[in-house]
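Structure below is run_14.txt: compact mmCIF, N, CA and C atoms.
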# COMPACT_ATOMS: atom_id res chain seq x y z
N MET A 1 0.85 -1.17 0.00
CA MET A 1 0.00 0.00 0.00
C MET A 1 0.89 1.24 0.00
N ARG A 2 0.61 2.16 -0.87
CA ARG A 2 1.37 3.41 -0.93
C ARG A 2 0.40 4.56 -0.68
N TYR A 3 0.72 5.42 0.28
CA TYR A 3 -0.15 6.53 0.63
C TYR A 3 0.33 7.81 -0.05
N TYR A 4 -0.59 8.73 -0.25
CA TYR A 4 -0.25 10.03 -0.80
C TYR A 4 -1.13 11.08 -0.12
N LEU A 5 -0.77 12.32 -0.29
CA LEU A 5 -1.54 13.41 0.29
C LEU A 5 -1.98 14.33 -0.84
N GLU A 6 -3.27 14.38 -1.04
CA GLU A 6 -3.82 15.22 -2.09
C GLU A 6 -3.88 16.66 -1.61
N GLN A 7 -3.33 17.56 -2.41
CA GLN A 7 -3.36 18.98 -2.05
C GLN A 7 -4.70 19.55 -2.51
N ARG A 8 -5.55 19.91 -1.53
CA ARG A 8 -6.89 20.37 -1.85
C ARG A 8 -7.04 21.88 -1.83
N ASP A 9 -6.11 22.58 -1.23
CA ASP A 9 -6.21 24.03 -1.11
C ASP A 9 -5.34 24.69 -2.17
N PRO A 10 -5.96 25.34 -3.16
CA PRO A 10 -5.15 25.97 -4.21
C PRO A 10 -4.30 27.14 -3.71
N GLU A 11 -4.63 27.68 -2.54
CA GLU A 11 -3.88 28.80 -1.97
C GLU A 11 -2.87 28.35 -0.93
N PHE A 12 -2.61 27.02 -0.85
CA PHE A 12 -1.73 26.49 0.19
C PHE A 12 -0.34 27.12 0.16
N ALA A 13 0.27 27.22 -1.01
CA ALA A 13 1.64 27.76 -1.11
C ALA A 13 1.70 29.20 -0.59
N GLU A 14 0.70 30.00 -0.92
CA GLU A 14 0.66 31.39 -0.46
C GLU A 14 0.49 31.46 1.06
N LYS A 15 -0.40 30.62 1.60
CA LYS A 15 -0.63 30.59 3.05
C LYS A 15 0.63 30.11 3.77
N MET A 16 1.29 29.09 3.22
CA MET A 16 2.51 28.57 3.82
C MET A 16 3.59 29.65 3.84
N ALA A 17 3.72 30.41 2.77
CA ALA A 17 4.71 31.48 2.70
C ALA A 17 4.45 32.54 3.76
N GLU A 18 3.17 32.84 4.00
CA GLU A 18 2.81 33.82 5.04
C GLU A 18 3.24 33.34 6.42
N VAL A 19 2.96 32.08 6.72
CA VAL A 19 3.34 31.51 8.02
C VAL A 19 4.86 31.50 8.17
N LEU A 20 5.56 31.08 7.13
CA LEU A 20 7.02 31.06 7.19
C LEU A 20 7.59 32.46 7.35
N CYS A 21 6.94 33.45 6.78
CA CYS A 21 7.36 34.84 6.92
C CYS A 21 7.23 35.29 8.38
N VAL A 22 6.17 34.88 9.04
CA VAL A 22 5.99 35.22 10.46
C VAL A 22 7.13 34.62 11.28
N TYR A 23 7.45 33.35 11.04
CA TYR A 23 8.53 32.71 11.79
C TYR A 23 9.89 33.33 11.47
N ARG A 24 10.08 33.78 10.26
CA ARG A 24 11.32 34.48 9.89
C ARG A 24 11.39 35.82 10.64
N THR A 25 10.27 36.52 10.73
CA THR A 25 10.21 37.78 11.47
C THR A 25 10.56 37.55 12.94
N VAL A 26 10.03 36.48 13.52
CA VAL A 26 10.35 36.14 14.91
C VAL A 26 11.84 35.93 15.06
N LYS A 27 12.43 35.19 14.14
CA LYS A 27 13.88 34.93 14.21
C LYS A 27 14.67 36.24 14.14
N LEU A 28 14.28 37.13 13.25
CA LEU A 28 14.98 38.41 13.11
C LEU A 28 14.81 39.29 14.36
N LEU A 29 13.61 39.30 14.92
CA LEU A 29 13.38 40.08 16.15
C LEU A 29 14.21 39.55 17.31
N LYS A 30 14.30 38.23 17.42
CA LYS A 30 15.11 37.63 18.49
C LYS A 30 16.59 37.95 18.28
N LYS A 31 17.04 37.89 17.05
CA LYS A 31 18.44 38.18 16.74
C LYS A 31 18.76 39.65 17.05
N ALA A 32 17.86 40.55 16.69
CA ALA A 32 18.06 41.98 16.97
C ALA A 32 18.06 42.24 18.47
N ALA A 33 17.22 41.53 19.21
CA ALA A 33 17.17 41.70 20.66
C ALA A 33 18.47 41.26 21.31
N VAL A 34 19.03 40.15 20.82
CA VAL A 34 20.31 39.67 21.35
C VAL A 34 21.41 40.70 21.06
N ALA A 35 21.41 41.23 19.85
CA ALA A 35 22.43 42.21 19.46
C ALA A 35 22.33 43.49 20.28
N SER A 36 21.10 43.90 20.63
CA SER A 36 20.93 45.14 21.40
C SER A 36 20.82 44.87 22.90
N ARG A 37 20.91 43.61 23.28
CA ARG A 37 20.84 43.18 24.69
C ARG A 37 19.55 43.58 25.38
N LYS A 38 18.46 43.52 24.66
CA LYS A 38 17.13 43.78 25.21
C LYS A 38 16.35 42.48 25.25
N LYS A 39 15.24 42.49 26.00
CA LYS A 39 14.36 41.33 26.01
C LYS A 39 13.72 41.20 24.63
N PRO A 40 13.60 39.99 24.09
CA PRO A 40 13.03 39.83 22.75
C PRO A 40 11.55 40.19 22.67
N GLY A 41 10.83 40.16 23.78
CA GLY A 41 9.39 40.37 23.72
C GLY A 41 8.94 41.79 23.97
N ASP A 42 9.83 42.77 24.01
CA ASP A 42 9.43 44.13 24.35
C ASP A 42 8.46 44.78 23.37
N PRO A 43 8.77 44.85 22.06
CA PRO A 43 7.93 45.68 21.20
C PRO A 43 6.64 45.04 20.71
N VAL A 44 6.61 43.74 20.60
CA VAL A 44 5.48 43.10 19.94
C VAL A 44 5.26 41.70 20.52
N ALA A 45 4.03 41.24 20.46
CA ALA A 45 3.72 39.86 20.87
C ALA A 45 3.21 39.14 19.63
N ILE A 46 3.82 38.01 19.31
CA ILE A 46 3.37 37.19 18.19
C ILE A 46 2.91 35.87 18.79
N ILE A 47 1.60 35.67 18.76
CA ILE A 47 0.99 34.50 19.41
C ILE A 47 0.60 33.48 18.35
N SER A 48 1.10 32.27 18.50
CA SER A 48 0.69 31.15 17.65
C SER A 48 -0.39 30.40 18.42
N TYR A 49 -1.59 30.33 17.85
CA TYR A 49 -2.77 29.81 18.54
C TYR A 49 -3.26 28.52 17.89
N ASP A 50 -3.75 27.60 18.73
CA ASP A 50 -4.40 26.40 18.24
C ASP A 50 -5.42 25.96 19.27
N GLU A 51 -6.33 25.13 18.85
CA GLU A 51 -7.33 24.60 19.78
C GLU A 51 -7.53 23.12 19.53
N LYS A 52 -7.88 22.43 20.59
CA LYS A 52 -8.11 20.99 20.51
C LYS A 52 -9.41 20.69 21.25
N PRO A 53 -10.52 20.59 20.51
CA PRO A 53 -11.79 20.25 21.17
C PRO A 53 -11.91 18.74 21.36
N GLY A 54 -12.72 18.33 22.30
CA GLY A 54 -13.04 16.92 22.47
C GLY A 54 -11.96 16.07 23.09
N ILE A 55 -11.13 16.66 23.95
CA ILE A 55 -10.11 15.86 24.66
C ILE A 55 -10.80 15.08 25.76
N GLN A 56 -10.53 13.79 25.84
CA GLN A 56 -11.13 12.99 26.90
C GLN A 56 -10.50 13.32 28.24
N ALA A 57 -11.33 13.67 29.22
CA ALA A 57 -10.84 13.90 30.57
C ALA A 57 -10.98 12.58 31.33
N VAL A 58 -9.85 11.95 31.62
CA VAL A 58 -9.88 10.65 32.28
C VAL A 58 -9.05 10.70 33.57
N ALA A 59 -9.39 9.80 34.47
CA ALA A 59 -8.65 9.67 35.73
C ALA A 59 -8.30 8.20 35.95
N THR A 60 -7.23 8.00 36.67
CA THR A 60 -6.83 6.62 36.99
C THR A 60 -7.75 6.07 38.07
N THR A 61 -7.86 4.75 38.12
CA THR A 61 -8.68 4.11 39.15
C THR A 61 -7.84 3.52 40.27
N ALA A 62 -6.51 3.49 40.06
CA ALA A 62 -5.59 2.97 41.07
C ALA A 62 -4.32 3.82 41.03
N PRO A 63 -3.61 3.92 42.14
CA PRO A 63 -2.38 4.72 42.14
C PRO A 63 -1.31 4.09 41.25
N ASP A 64 -0.47 4.96 40.67
CA ASP A 64 0.66 4.48 39.87
C ASP A 64 1.65 3.76 40.76
N LEU A 65 2.32 2.75 40.20
CA LEU A 65 3.33 2.01 40.93
C LEU A 65 4.70 2.56 40.54
N PRO A 66 5.53 2.92 41.51
CA PRO A 66 6.86 3.46 41.19
C PRO A 66 7.78 2.38 40.64
N PRO A 67 8.83 2.79 39.94
CA PRO A 67 9.80 1.81 39.42
C PRO A 67 10.44 1.01 40.56
N GLN A 68 10.75 -0.25 40.28
CA GLN A 68 11.43 -1.10 41.24
C GLN A 68 12.58 -1.81 40.54
N PRO A 69 13.79 -1.69 41.08
CA PRO A 69 14.94 -2.35 40.44
C PRO A 69 14.70 -3.85 40.30
N GLY A 70 14.96 -4.36 39.12
CA GLY A 70 14.80 -5.79 38.86
C GLY A 70 13.37 -6.21 38.56
N VAL A 71 12.38 -5.33 38.78
CA VAL A 71 10.98 -5.68 38.53
C VAL A 71 10.48 -4.94 37.29
N HIS A 72 10.45 -3.62 37.37
CA HIS A 72 10.11 -2.79 36.20
C HIS A 72 10.81 -1.45 36.33
N ALA A 73 11.33 -0.97 35.20
CA ALA A 73 12.19 0.23 35.20
C ALA A 73 11.41 1.54 35.18
N THR A 74 10.13 1.48 34.81
CA THR A 74 9.35 2.71 34.71
C THR A 74 8.14 2.64 35.62
N PHE A 75 7.43 3.75 35.71
CA PHE A 75 6.17 3.75 36.46
C PHE A 75 5.19 2.83 35.77
N ALA A 76 4.37 2.13 36.55
CA ALA A 76 3.34 1.25 36.01
C ALA A 76 1.97 1.85 36.33
N ARG A 77 1.07 1.78 35.35
CA ARG A 77 -0.27 2.35 35.54
C ARG A 77 -1.30 1.30 35.15
N ASP A 78 -2.34 1.18 35.97
CA ASP A 78 -3.43 0.26 35.69
C ASP A 78 -4.11 0.66 34.38
N HIS A 79 -4.53 -0.30 33.59
CA HIS A 79 -5.13 0.00 32.28
C HIS A 79 -6.54 0.56 32.39
N GLU A 80 -7.19 0.38 33.53
CA GLU A 80 -8.55 0.91 33.70
C GLU A 80 -8.51 2.40 34.02
N TYR A 81 -9.52 3.11 33.58
CA TYR A 81 -9.61 4.54 33.87
C TYR A 81 -11.08 4.93 33.97
N LYS A 82 -11.31 6.08 34.57
CA LYS A 82 -12.67 6.60 34.72
C LYS A 82 -12.83 7.81 33.80
N ARG A 83 -13.92 7.84 33.05
CA ARG A 83 -14.18 8.97 32.15
C ARG A 83 -14.86 10.12 32.89
N HIS A 84 -14.42 11.32 32.56
CA HIS A 84 -15.03 12.53 33.13
C HIS A 84 -15.53 13.45 32.02
N GLY A 85 -15.94 12.88 30.91
CA GLY A 85 -16.44 13.68 29.79
C GLY A 85 -15.30 14.17 28.91
N THR A 86 -15.57 15.27 28.21
CA THR A 86 -14.55 15.85 27.33
C THR A 86 -14.36 17.32 27.66
N VAL A 87 -13.21 17.83 27.29
CA VAL A 87 -12.89 19.24 27.48
C VAL A 87 -12.26 19.78 26.20
N SER A 88 -12.22 21.09 26.09
CA SER A 88 -11.57 21.75 24.97
C SER A 88 -10.38 22.53 25.48
N LEU A 89 -9.27 22.42 24.78
CA LEU A 89 -8.05 23.15 25.12
C LEU A 89 -7.86 24.25 24.09
N LEU A 90 -7.73 25.48 24.57
CA LEU A 90 -7.40 26.62 23.73
C LEU A 90 -6.05 27.10 24.21
N ALA A 91 -5.07 27.18 23.32
CA ALA A 91 -3.72 27.52 23.75
C ALA A 91 -2.99 28.35 22.70
N GLY A 92 -2.13 29.20 23.20
CA GLY A 92 -1.29 30.01 22.34
C GLY A 92 0.08 30.16 22.96
N ILE A 93 1.09 30.29 22.14
CA ILE A 93 2.44 30.50 22.64
C ILE A 93 2.98 31.79 22.05
N ASP A 94 3.56 32.61 22.91
CA ASP A 94 4.23 33.82 22.46
C ASP A 94 5.54 33.37 21.83
N LEU A 95 5.66 33.55 20.53
CA LEU A 95 6.83 33.03 19.81
C LEU A 95 8.12 33.75 20.16
N LEU A 96 8.02 34.94 20.75
CA LEU A 96 9.23 35.67 21.14
C LEU A 96 9.71 35.30 22.53
N THR A 97 8.78 35.11 23.46
CA THR A 97 9.18 34.85 24.85
C THR A 97 9.02 33.39 25.26
N GLY A 98 8.20 32.63 24.53
CA GLY A 98 7.95 31.24 24.90
C GLY A 98 6.84 31.09 25.91
N LYS A 99 6.23 32.19 26.35
CA LYS A 99 5.15 32.12 27.34
C LYS A 99 3.93 31.44 26.72
N VAL A 100 3.37 30.48 27.45
CA VAL A 100 2.21 29.74 26.97
C VAL A 100 0.96 30.28 27.68
N HIS A 101 -0.06 30.54 26.90
CA HIS A 101 -1.36 30.95 27.41
C HIS A 101 -2.32 29.80 27.13
N ALA A 102 -3.02 29.30 28.14
CA ALA A 102 -3.89 28.15 27.93
C ALA A 102 -5.19 28.31 28.70
N LEU A 103 -6.23 27.74 28.13
CA LEU A 103 -7.55 27.77 28.74
C LEU A 103 -8.20 26.42 28.47
N VAL A 104 -8.72 25.77 29.51
CA VAL A 104 -9.42 24.50 29.37
C VAL A 104 -10.87 24.75 29.75
N LYS A 105 -11.78 24.41 28.85
CA LYS A 105 -13.20 24.65 29.08
C LYS A 105 -14.00 23.40 28.76
N ASP A 106 -15.20 23.33 29.35
CA ASP A 106 -16.09 22.19 29.10
C ASP A 106 -16.75 22.27 27.73
N ARG A 107 -16.86 23.49 27.19
CA ARG A 107 -17.53 23.67 25.90
C ARG A 107 -16.58 24.32 24.90
N HIS A 108 -17.00 24.33 23.63
CA HIS A 108 -16.16 24.87 22.57
C HIS A 108 -17.03 25.75 21.67
N ARG A 109 -17.19 27.01 22.12
CA ARG A 109 -18.00 27.97 21.37
C ARG A 109 -17.21 29.25 21.20
N SER A 110 -17.80 30.21 20.52
CA SER A 110 -17.12 31.49 20.30
C SER A 110 -16.86 32.21 21.62
N ARG A 111 -17.74 32.04 22.60
CA ARG A 111 -17.53 32.74 23.88
C ARG A 111 -16.29 32.22 24.62
N GLU A 112 -15.95 30.95 24.43
CA GLU A 112 -14.73 30.43 25.03
C GLU A 112 -13.50 31.03 24.33
N PHE A 113 -13.59 31.21 23.02
CA PHE A 113 -12.50 31.85 22.28
C PHE A 113 -12.34 33.30 22.72
N ILE A 114 -13.43 34.00 22.91
CA ILE A 114 -13.38 35.39 23.39
C ILE A 114 -12.75 35.44 24.78
N GLU A 115 -13.08 34.48 25.62
CA GLU A 115 -12.48 34.40 26.96
C GLU A 115 -10.97 34.20 26.85
N PHE A 116 -10.55 33.36 25.91
CA PHE A 116 -9.12 33.16 25.69
C PHE A 116 -8.45 34.46 25.24
N LEU A 117 -9.08 35.17 24.32
CA LEU A 117 -8.52 36.44 23.84
C LEU A 117 -8.38 37.45 24.99
N LYS A 118 -9.36 37.47 25.89
CA LYS A 118 -9.28 38.37 27.05
C LYS A 118 -8.14 37.96 27.97
N LEU A 119 -7.92 36.66 28.11
CA LEU A 119 -6.82 36.15 28.92
C LEU A 119 -5.48 36.62 28.35
N VAL A 120 -5.32 36.50 27.04
CA VAL A 120 -4.08 36.93 26.39
C VAL A 120 -3.94 38.45 26.49
N ASP A 121 -5.02 39.17 26.25
CA ASP A 121 -4.99 40.63 26.31
C ASP A 121 -4.54 41.11 27.69
N ALA A 122 -5.02 40.47 28.73
CA ALA A 122 -4.66 40.87 30.10
C ALA A 122 -3.19 40.57 30.42
N ALA A 123 -2.57 39.68 29.67
CA ALA A 123 -1.18 39.29 29.94
C ALA A 123 -0.16 40.29 29.42
N TYR A 124 -0.61 41.25 28.60
CA TYR A 124 0.32 42.19 27.98
C TYR A 124 -0.03 43.62 28.34
N ARG A 125 1.02 44.45 28.39
CA ARG A 125 0.82 45.88 28.66
C ARG A 125 -0.01 46.50 27.55
N PRO A 126 -0.77 47.54 27.85
CA PRO A 126 -1.59 48.17 26.82
C PRO A 126 -0.79 48.76 25.65
N THR A 127 0.49 49.10 25.86
CA THR A 127 1.28 49.69 24.80
C THR A 127 1.83 48.68 23.82
N ARG A 128 1.76 47.41 24.17
CA ARG A 128 2.32 46.37 23.31
C ARG A 128 1.32 46.00 22.22
N ARG A 129 1.79 45.90 21.01
CA ARG A 129 0.94 45.49 19.90
C ARG A 129 0.91 43.97 19.81
N SER A 130 -0.17 43.42 19.29
CA SER A 130 -0.25 41.98 19.05
C SER A 130 -0.44 41.76 17.56
N ILE A 131 0.19 40.69 17.08
CA ILE A 131 0.02 40.31 15.67
C ILE A 131 -0.79 39.03 15.61

Could I get this file's structure written as structure tokens?
Amino acid sequence: MRYYLEQRDPEFAEKMAEVLCVYRTVKLLKKAAVASRKKPGDPVAIISYDEKPGIQAVATTAPDLPPQPGVHATFARDHEYKRHGTVSLLAGIDLLTGKVHALVKDRHRSREFIEFLKLVDAAYRPTRRSI
């Protein structure tokens, strides 16, 4: 069996170039900050955002067993687990500073995204621009 990936987006190359341009800008800003001995995140915040809806929230039913020499080298975990429904993860990373902004919610609607945006907005000074 041989697999292939069909390119369905005719604008993919243009979109890819835009994303690569952002990462190139981040690299240049970091390099300039090192040269001028300033913090790289001072003038601008570049947040890379993604979301993952429908993550299973599970818990173990028994405590993990610590490693034991000669028995097992790693932690052992019982295969059974308890389900606690699903959650949505909304997360962004400041590409200049590495700071991660995350929000875990029970639902995945526009109001949760707005809550995430408010969380990020509160993390930065009013004079700082966001891209």

At a cut-off of 8 Å, using all atoms listed in the file, what residues contact Phe116 of chain A? Leave out same-chain residues fewer than 3 positions from it and give the result as a short mmCIF file (atom, residue, chain, number, x, y, z; two decimals) with N, CA and C atoms, keeping the file's coordinate frame.
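To be explicit, this is the file written out as around.cif:
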data_model
loop_
_atom_site.label_atom_id
_atom_site.label_comp_id
_atom_site.auth_asym_id
_atom_site.auth_seq_id
_atom_site.Cartn_x
_atom_site.Cartn_y
_atom_site.Cartn_z
N LEU A 90 -7.73 25.48 24.57
CA LEU A 90 -7.40 26.62 23.73
C LEU A 90 -6.05 27.10 24.21
N ALA A 91 -5.07 27.18 23.32
CA ALA A 91 -3.72 27.52 23.75
C ALA A 91 -2.99 28.35 22.70
N HIS A 101 -0.06 30.54 26.90
CA HIS A 101 -1.36 30.95 27.41
C HIS A 101 -2.32 29.80 27.13
N ALA A 102 -3.02 29.30 28.14
CA ALA A 102 -3.89 28.15 27.93
C ALA A 102 -5.19 28.31 28.70
N LEU A 103 -6.23 27.74 28.13
CA LEU A 103 -7.55 27.77 28.74
C LEU A 103 -8.20 26.42 28.47
N SER A 110 -17.80 30.21 20.52
CA SER A 110 -17.12 31.49 20.30
C SER A 110 -16.86 32.21 21.62
N ARG A 111 -17.74 32.04 22.60
CA ARG A 111 -17.53 32.74 23.88
C ARG A 111 -16.29 32.22 24.62
N GLU A 112 -15.95 30.95 24.43
CA GLU A 112 -14.73 30.43 25.03
C GLU A 112 -13.50 31.03 24.33
N PHE A 113 -13.59 31.21 23.02
CA PHE A 113 -12.50 31.85 22.28
C PHE A 113 -12.34 33.30 22.72
N LEU A 119 -7.92 36.66 28.11
CA LEU A 119 -6.82 36.15 28.92
C LEU A 119 -5.48 36.62 28.35
N VAL A 120 -5.32 36.50 27.04
CA VAL A 120 -4.08 36.93 26.39
C VAL A 120 -3.94 38.45 26.49
N ASP A 121 -5.02 39.17 26.25
CA ASP A 121 -4.99 40.63 26.31
C ASP A 121 -4.54 41.11 27.69
N ALA A 122 -5.02 40.47 28.73
CA ALA A 122 -4.66 40.87 30.10
C ALA A 122 -3.19 40.57 30.42
#

Can you list, as a short mmCIF file (atom, residue, chain, number, x, y, z; two decimals) with N, CA and C atoms, in the frame of the given file, every protein, DNA or RNA residue that comes within 6 Å of Pro66 of chain A when you count only N, CA and C atoms, leaving out same-chain residues fewer than 2 positions away?
data_model
loop_
_atom_site.label_atom_id
_atom_site.label_comp_id
_atom_site.auth_asym_id
_atom_site.auth_seq_id
_atom_site.Cartn_x
_atom_site.Cartn_y
_atom_site.Cartn_z
N ASP A 64 -0.47 4.96 40.67
CA ASP A 64 0.66 4.48 39.87
C ASP A 64 1.65 3.76 40.76
N GLN A 68 10.75 -0.25 40.28
CA GLN A 68 11.43 -1.10 41.24
C GLN A 68 12.58 -1.81 40.54
N THR A 74 10.13 1.48 34.81
CA THR A 74 9.35 2.71 34.71
C THR A 74 8.14 2.64 35.62
N PHE A 75 7.43 3.75 35.71
CA PHE A 75 6.17 3.75 36.46
C PHE A 75 5.19 2.83 35.77
N ALA A 76 4.37 2.13 36.55
CA ALA A 76 3.34 1.25 36.01
C ALA A 76 1.97 1.85 36.33
#

Atom CA of Glu80 of chain A sits from atom N of Leu65 of chain A at a separation of 12.8 Å

Wanna dump the segment 21-77 of chain A-segment 9-17 of chain A contacts at 12 Å for me, each residue with its shortest atom pair and the distance in Å to one decimal, counting only C-alpha atoms, ordered by chain and number, as JSON lines?
{"residue": "A:Cys21", "atom": "CA", "partner": "A:Ala17", "partner_atom": "CA", "distance": 6.0}
{"residue": "A:Val22", "atom": "CA", "partner": "A:Ala17", "partner_atom": "CA", "distance": 8.7}
{"residue": "A:Tyr23", "atom": "CA", "partner": "A:Ala17", "partner_atom": "CA", "distance": 9.9}
{"residue": "A:Arg24", "atom": "CA", "partner": "A:Ala17", "partner_atom": "CA", "distance": 10.2}

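Nearest-residue note for Val87 of chain A: choosing from A:Ile55, A:Leu117, A:Ala62, A:Ala33, the minimum distance belongs to A:Ile55, counting only N, CA and C atoms.
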
Interatomic distance, atom CA of Lys105 of chain A to atom CA of Tyr49 of chain A (Å, one decimal):
15.7 Å

Closest of A:Ser48, A:Pro69, A:Lys30, A:Pro126 to Asp94 of chain A, counting only C-alpha atoms, is A:Ser48

According to DSSP computed on the backbone, where in segment 4-129 of chain A is there strand (DSSP E or B)? Give the residues as a PyMOL selection string.
chain A and resi 44-45+47-60+65+68+72+76+81-94+100-105+129

Could you please write out, as a VMD selection string, every residue of chain A that DSSP assigns to helix (DSSP H, G or I)?
chain A and resid 12 to 36 110 to 122

The selected residues should be written to file as a CSV table (one decimal), keeping the file's coordinate frame (atoms: N, CA and C atoms).
chain,number,residue,atom,x,y,z
A,12,PHE,N,-2.6,27.0,-0.8
A,12,PHE,CA,-1.7,26.5,0.2
A,12,PHE,C,-0.3,27.1,0.2
A,13,ALA,N,0.3,27.2,-1.0
A,13,ALA,CA,1.6,27.8,-1.1
A,13,ALA,C,1.7,29.2,-0.6
A,14,GLU,N,0.7,30.0,-0.9
A,14,GLU,CA,0.7,31.4,-0.5
A,14,GLU,C,0.5,31.5,1.1
A,15,LYS,N,-0.4,30.6,1.6
A,15,LYS,CA,-0.6,30.6,3.0
A,15,LYS,C,0.6,30.1,3.8
A,16,MET,N,1.3,29.1,3.2
A,16,MET,CA,2.5,28.6,3.8
A,16,MET,C,3.6,29.6,3.8
A,17,ALA,N,3.7,30.4,2.8
A,17,ALA,CA,4.7,31.5,2.7
A,17,ALA,C,4.4,32.5,3.8
A,18,GLU,N,3.2,32.8,4.0
A,18,GLU,CA,2.8,33.8,5.0
A,18,GLU,C,3.2,33.3,6.4
A,19,VAL,N,3.0,32.1,6.7
A,19,VAL,CA,3.3,31.5,8.0
A,19,VAL,C,4.9,31.5,8.2
A,20,LEU,N,5.6,31.1,7.1
A,20,LEU,CA,7.0,31.1,7.2
A,20,LEU,C,7.6,32.5,7.4
A,21,CYS,N,6.9,33.4,6.8
A,21,CYS,CA,7.4,34.8,6.9
A,21,CYS,C,7.2,35.3,8.4
A,22,VAL,N,6.2,34.9,9.0
A,22,VAL,CA,6.0,35.2,10.5
A,22,VAL,C,7.1,34.6,11.3
A,23,TYR,N,7.4,33.4,11.0
A,23,TYR,CA,8.5,32.7,11.8
A,23,TYR,C,9.9,33.3,11.5
A,24,ARG,N,10.1,33.8,10.3
A,24,ARG,CA,11.3,34.5,9.9
A,24,ARG,C,11.4,35.8,10.6
A,25,THR,N,10.3,36.5,10.7
A,25,THR,CA,10.2,37.8,11.5
A,25,THR,C,10.6,37.6,12.9
A,26,VAL,N,10.0,36.5,13.5
A,26,VAL,CA,10.4,36.1,14.9
A,26,VAL,C,11.8,35.9,15.1
A,27,LYS,N,12.4,35.2,14.1
A,27,LYS,CA,13.9,34.9,14.2
A,27,LYS,C,14.7,36.2,14.1
A,28,LEU,N,14.3,37.1,13.2
A,28,LEU,CA,15.0,38.4,13.1
A,28,LEU,C,14.8,39.3,14.4
A,29,LEU,N,13.6,39.3,14.9
A,29,LEU,CA,13.4,40.1,16.2
A,29,LEU,C,14.2,39.6,17.3
A,30,LYS,N,14.3,38.2,17.4
A,30,LYS,CA,15.1,37.6,18.5
A,30,LYS,C,16.6,38.0,18.3
A,31,LYS,N,17.0,37.9,17.0
A,31,LYS,CA,18.4,38.2,16.7
A,31,LYS,C,18.8,39.6,17.0
A,32,ALA,N,17.9,40.6,16.7
A,32,ALA,CA,18.1,42.0,17.0
A,32,ALA,C,18.1,42.2,18.5
A,33,ALA,N,17.2,41.5,19.2
A,33,ALA,CA,17.2,41.7,20.7
A,33,ALA,C,18.5,41.3,21.3
A,34,VAL,N,19.0,40.2,20.8
A,34,VAL,CA,20.3,39.7,21.4
A,34,VAL,C,21.4,40.7,21.1
A,35,ALA,N,21.4,41.2,19.8
A,35,ALA,CA,22.4,42.2,19.5
A,35,ALA,C,22.3,43.5,20.3
A,36,SER,N,21.1,43.9,20.6
A,36,SER,CA,20.9,45.1,21.4
A,36,SER,C,20.8,44.9,22.9
A,110,SER,N,-17.8,30.2,20.5
A,110,SER,CA,-17.1,31.5,20.3
A,110,SER,C,-16.9,32.2,21.6
A,111,ARG,N,-17.7,32.0,22.6
A,111,ARG,CA,-17.5,32.7,23.9
A,111,ARG,C,-16.3,32.2,24.6
A,112,GLU,N,-16.0,31.0,24.4
A,112,GLU,CA,-14.7,30.4,25.0
A,112,GLU,C,-13.5,31.0,24.3
A,113,PHE,N,-13.6,31.2,23.0
A,113,PHE,CA,-12.5,31.8,22.3
A,113,PHE,C,-12.3,33.3,22.7
A,114,ILE,N,-13.4,34.0,22.9
A,114,ILE,CA,-13.4,35.4,23.4
A,114,ILE,C,-12.8,35.4,24.8
A,115,GLU,N,-13.1,34.5,25.6
A,115,GLU,CA,-12.5,34.4,27.0
A,115,GLU,C,-11.0,34.2,26.8
A,116,PHE,N,-10.6,33.4,25.9
A,116,PHE,CA,-9.1,33.2,25.7
A,116,PHE,C,-8.4,34.5,25.2
A,117,LEU,N,-9.1,35.2,24.3
A,117,LEU,CA,-8.5,36.4,23.8
A,117,LEU,C,-8.4,37.4,25.0
A,118,LYS,N,-9.4,37.5,25.9
A,118,LYS,CA,-9.3,38.4,27.0
A,118,LYS,C,-8.1,38.0,28.0
A,119,LEU,N,-7.9,36.7,28.1
A,119,LEU,CA,-6.8,36.2,28.9
A,119,LEU,C,-5.5,36.6,28.4
A,120,VAL,N,-5.3,36.5,27.0
A,120,VAL,CA,-4.1,36.9,26.4
A,120,VAL,C,-3.9,38.4,26.5
A,121,ASP,N,-5.0,39.2,26.2
A,121,ASP,CA,-5.0,40.6,26.3
A,121,ASP,C,-4.5,41.1,27.7
A,122,ALA,N,-5.0,40.5,28.7
A,122,ALA,CA,-4.7,40.9,30.1
A,122,ALA,C,-3.2,40.6,30.4

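Put simply, atom CA of Asp106 of chain A is 6.1 Å away from atom CA of Ser88 of chain A.
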
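Using only C-alpha atoms, the smallest distance between any of A:Gly92, A:Gly98, A:Gly70, A:Gly85 and Ala57 of chain A comes from A:Gly85.
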
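Nearest to Ile46 of chain A of all the residues A:Arg125, A:Lys99, A:Arg77, A:Lys31 is A:Lys99, counting only C-alpha atoms.
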
Ref. answer, residues at most 8 Å from (11.4, 40.6, 16.4) with all atoms listed in the file, as number ranges by chain
A: 24-33, 40-41, 43-44, 96
